[in-house]
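Just below is one structure, and these are the notes that go with it.
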Amino acid sequence: MASEGDRRASLEVDEPRRSRIVGALGSGGDGRRGVAIALLSTIVFLVVVGVAIINSPGWPAVHKTFLSWTEFKSSFPEIARAFLLNCKIFLIAECLILPFALVIAVLRSLPGPVFFPLRALAIVYADFFRGVPTILVISMLGLGAPALQLSGVPSSVVFWGIVSLVLVYSAYVSEVYRAGIESVHPSQEAAARSLGLTRGQTLRKVILPQAVRRVIPPLLNDFIGLQKDTALVGSALGAIEAFNQATIDADATFNFTPYLAAAVLFVAITIPLARFTDWLIARDRRRRQAQGLHT
Amino acid sequence: MNTSAALEIEGLRKSFGDHVVLNGIDLSVGEHEVTCLIGASGAGKSTLLRCVNLLEPVDAGRIVVGGEEITRRGVDVNRVRRRIGIVFQAFNLFPHMSVLENVTLAPKLALGQGRGEAEEQARALLDRFGLSDKVEAYPDHLSGGQQQRVAIVRALAMQPRLMLLDEVTSALDPELVAEVLEVIAELAAGGMTMVIATHEMGFARDIATRVCFLDDGVILEQGPPEQMFGSPREPRTQQFLQRIVNARRL
């Protein structure tokens, strides 16, 4: 019963999606003919661009300095090792940003004059850290904070790099959360409060689950940005992460191919992240449709 | 004051900015009585119900439920609301929860019921109102009539001593109105004290102990349904009912 429901539900989901992709490929044509035209025009386009690039006067030099297979092979292992630091920074920062930004967003949506100071604090925070370029925050905190020589506070650049990223990204993510919270209709709160739920229970059980679900795609979008910005910890503070390692390699050999290696590594993480987002959304929709169908 | 009254309202006033919505409401509802509020849109029916459930703070006046004044300062609004169920025109089910979760949420959180107890009670109520096959369904997949019946069950699960129904059939397709009215009639037969804002005049005539005509923020006229629909005293009431008759709704 349930499996039949699932199957019917997945058909329901897959059908429109497939036709949308086919539609995008065909864009105007219909069905198989549309796909053929899309494929053909894509191939023609790529061939024209490719021929133009390869025949450009600077191509041999660019090919040598950016696309050297030998350089790629020799620099890749070390950059990949350095890339683990990017992943570490990303994961730690993300685990801190998710709850911290939620707190900021909730503070900002507290009603009534009593909470004005907290609301104001949240607004100032979000405005400030969205207004200052990330690289400036990282530079100021990463170079300034360790100089204070506070006892018990780590002075490592990675630590302060993570702190900076958490501060900057929490400002963005709190705005995403807030948009989600405000998108939940006030009647939902009225319904929950009318049943005798407290404000906190209403927020936790009724408002936030709906709000967060709605903002998962923009949330993941911000995390793709975060993963890329981990490179700033290397470029501004000198931590040996993938970008900095690539720079070191490039400076040593006068060949820029290591940058390509670093780029490949970043894309290898960010693209699956994007697909994972899609999968999450689809799974949620499928679950709800399956429930509806087999009852 | 009559202490046996389930709900007692005295001199209730409520404005939104300059707009006076309730301009001195006096109303007394006895235990097991069904009071129907009728009147044009904007007469203040919904606001009155929302005030009784403390969803809107009142500007002046008193509301007493079961002998306790709920409009006094420092009252525990959450405790008060647990005893007063309200059902909205737009259902307002929680879309991210199944029917069972919708119904058991408040008993678990606000009454501290265990999961087993809450679910057992919920299933019994859903069964009673013909929804036993929708227990695991999500609100998106229910018809309007089913959603509204779930909303009624959700309010009943808190075992309220007073139910407020705010135009609960106004958002429904005509063919779905009957199933919801049947549920309300069953509640009335079971002795539930209810205050019902409605545009269903035929239903009000059949079910009400008393009918109140709201006009411009006051209860202009009230009485038993036979008198209110048969020989209304006030010209404004006559006018209103005549318009309803002309629209073939009575």
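Letters for chains follow the order of the structure tokens (A, B, ...), residue numbers begin at 1 for each chain, and ligand numbers begin at 1 in the order shown.
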Closest atom pairs, chain B residues within 8 Å of chain A, only C-alpha atoms, as CSV:
residue,atom,partner,partner_atom,distance
B:Asn53,CA,A:Ser194,CA,6.7
B:Leu55,CA,A:Ala190,CA,6.9
B:Val77,CA,A:Gly196,CA,7.6
B:Asn78,CA,A:Gly196,CA,4.4
B:Arg79,CA,A:Gly196,CA,6.4
B:Val80,CA,A:Gly196,CA,7.5
B:Arg81,CA,A:Gly196,CA,4.9
B:Arg82,CA,A:Gly196,CA,4.7
B:Ile84,CA,A:Ser194,CA,7.9
B:Gly85,CA,A:Leu195,CA,6.8
B:Ile86,CA,A:Ser194,CA,6.7
B:Asn92,CA,A:Gln188,CA,5.9
B:Leu93,CA,A:Gln188,CA,7.5
B:Phe94,CA,A:Val206,CA,6.9
B:His96,CA,A:Gln210,CA,6.6
B:Ala106,CA,A:Leu195,CA,6.1
B:Leu109,CA,A:Leu197,CA,6.9
B:Ala110,CA,A:Leu197,CA,5.7
B:Asp133,CA,A:Thr295,CA,6.5
B:Lys134,CA,A:Thr295,CA,6.3
B:Glu136,CA,A:Gln291,CA,6.8
B:Ala137,CA,A:Gly292,CA,5.3
B:Tyr138,CA,A:Gly292,CA,6.2
B:Asp140,CA,A:Gly292,CA,7.8
B:His141,CA,A:Gly292,CA,5.2
B:Ala155,CA,A:Leu195,CA,6.8
B:Met158,CA,A:Leu195,CA,7.4
Step one, run DSSP on the backbone; step two, keep only residues of segment 7-186 of chain B assigned to strand (DSSP E); then write them as a VMD selection string.
chain B and resid 7 to 16 19 to 30 34 to 38 60 to 65 68 to 69 84 to 87 162 to 166
Residues of the last selection are to be written out with C-alpha atoms, as a PDB file, in the first residue's frame.
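Full text of selection_7.pdb as output:
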ATOM      1  CA  LEU B   7     -19.592  33.379  29.399  1.00  0.00           C
ATOM      2  CA  GLU B   8     -20.387  36.862  30.588  1.00  0.00           C
ATOM      3  CA  ILE B   9     -19.402  39.980  28.656  1.00  0.00           C
ATOM      4  CA  GLU B  10     -19.894  43.503  30.001  1.00  0.00           C
ATOM      5  CA  GLY B  11     -19.299  46.778  28.171  1.00  0.00           C
ATOM      6  CA  LEU B  12     -16.706  45.326  25.818  1.00  0.00           C
ATOM      7  CA  ARG B  13     -14.995  47.907  23.607  1.00  0.00           C
ATOM      8  CA  LYS B  14     -12.371  47.421  20.969  1.00  0.00           C
ATOM      9  CA  SER B  15     -10.934  49.770  18.354  1.00  0.00           C
ATOM     10  CA  PHE B  16      -8.315  49.341  15.694  1.00  0.00           C
ATOM     11  CA  HIS B  19     -11.990  52.482  13.787  1.00  0.00           C
ATOM     12  CA  VAL B  20     -14.372  51.420  16.558  1.00  0.00           C
ATOM     13  CA  VAL B  21     -15.232  47.756  16.013  1.00  0.00           C
ATOM     14  CA  LEU B  22     -16.915  46.842  19.296  1.00  0.00           C
ATOM     15  CA  ASN B  23     -18.770  49.689  20.945  1.00  0.00           C
ATOM     16  CA  GLY B  24     -20.049  48.274  24.231  1.00  0.00           C
ATOM     17  CA  ILE B  25     -21.026  44.629  23.963  1.00  0.00           C
ATOM     18  CA  ASP B  26     -23.071  43.020  26.737  1.00  0.00           C
ATOM     19  CA  LEU B  27     -23.735  39.318  26.417  1.00  0.00           C
ATOM     20  CA  SER B  28     -24.460  36.440  28.740  1.00  0.00           C
ATOM     21  CA  VAL B  29     -24.234  32.829  27.594  1.00  0.00           C
ATOM     22  CA  GLY B  30     -25.482  30.061  29.863  1.00  0.00           C
ATOM     23  CA  VAL B  34     -25.726  27.875  21.592  1.00  0.00           C
ATOM     24  CA  THR B  35     -25.550  31.558  20.771  1.00  0.00           C
ATOM     25  CA  CYS B  36     -25.432  32.587  17.129  1.00  0.00           C
ATOM     26  CA  LEU B  37     -24.017  35.959  16.154  1.00  0.00           C
ATOM     27  CA  ILE B  38     -25.433  37.316  12.928  1.00  0.00           C
ATOM     28  CA  ALA B  60     -12.473  48.357  27.958  1.00  0.00           C
ATOM     29  CA  GLY B  61     -15.021  46.069  29.562  1.00  0.00           C
ATOM     30  CA  ARG B  62     -14.938  42.662  31.213  1.00  0.00           C
ATOM     31  CA  ILE B  63     -15.098  39.103  29.971  1.00  0.00           C
ATOM     32  CA  VAL B  64     -15.868  36.376  32.512  1.00  0.00           C
ATOM     33  CA  VAL B  65     -15.560  32.707  31.575  1.00  0.00           C
ATOM     34  CA  GLU B  68     -13.223  33.831  36.205  1.00  0.00           C
ATOM     35  CA  GLU B  69     -12.561  37.270  34.797  1.00  0.00           C
ATOM     36  CA  ILE B  84     -11.781  28.004  25.148  1.00  0.00           C
ATOM     37  CA  GLY B  85     -11.660  26.417  21.730  1.00  0.00           C
ATOM     38  CA  ILE B  86     -11.811  28.573  18.604  1.00  0.00           C
ATOM     39  CA  VAL B  87     -12.266  27.477  15.008  1.00  0.00           C
ATOM     40  CA  LEU B 162     -16.602  26.826  25.507  1.00  0.00           C
ATOM     41  CA  MET B 163     -16.290  26.698  21.735  1.00  0.00           C
ATOM     42  CA  LEU B 164     -16.095  29.768  19.496  1.00  0.00           C
ATOM     43  CA  LEU B 165     -16.819  29.213  15.815  1.00  0.00           C
ATOM     44  CA  ASP B 166     -15.891  32.056  13.486  1.00  0.00           C
TER      45      ASP B 166
END
Which residues, written as a PyMOL selection string, have at least one atom at most 8 Å from His32 of chain B, with only C-alpha atoms counted and residues fewer than 3 positions away on the same chain left out?
chain B and resi 188+191-194
Selection export as a tab-separated table (two decimals), in the first residue's frame, atoms kept: N, CA and C atoms:
chain	number	residue	atom	x	y	z
B	188	ALA	N	-23.68	20.49	19.51
B	188	ALA	CA	-24.76	21.16	20.23
B	188	ALA	C	-25.62	20.14	20.96
B	191	GLY	N	-24.37	19.02	24.17
B	191	GLY	CA	-24.38	19.96	25.28
B	191	GLY	C	-23.21	20.93	25.30
B	192	MET	N	-22.45	21.01	24.22
B	192	MET	CA	-21.32	21.93	24.18
B	192	MET	C	-21.82	23.38	24.16
B	193	THR	N	-21.24	24.21	25.01
B	193	THR	CA	-21.56	25.63	24.99
B	193	THR	C	-20.81	26.27	23.82
B	194	MET	N	-21.57	26.97	22.97
B	194	MET	CA	-20.91	27.52	21.78
B	194	MET	C	-21.38	28.94	21.47
Measure the distance from atom CA of Ala93 of chain A to atom CA of Phe128 of chain A in Å and round it to one decimal.
19.0 Å
Could you jot down the atom CA of Cys51 of chain B to atom CA of Phe88 of chain B separation for me, Å, one decimal place?
13.5 Å
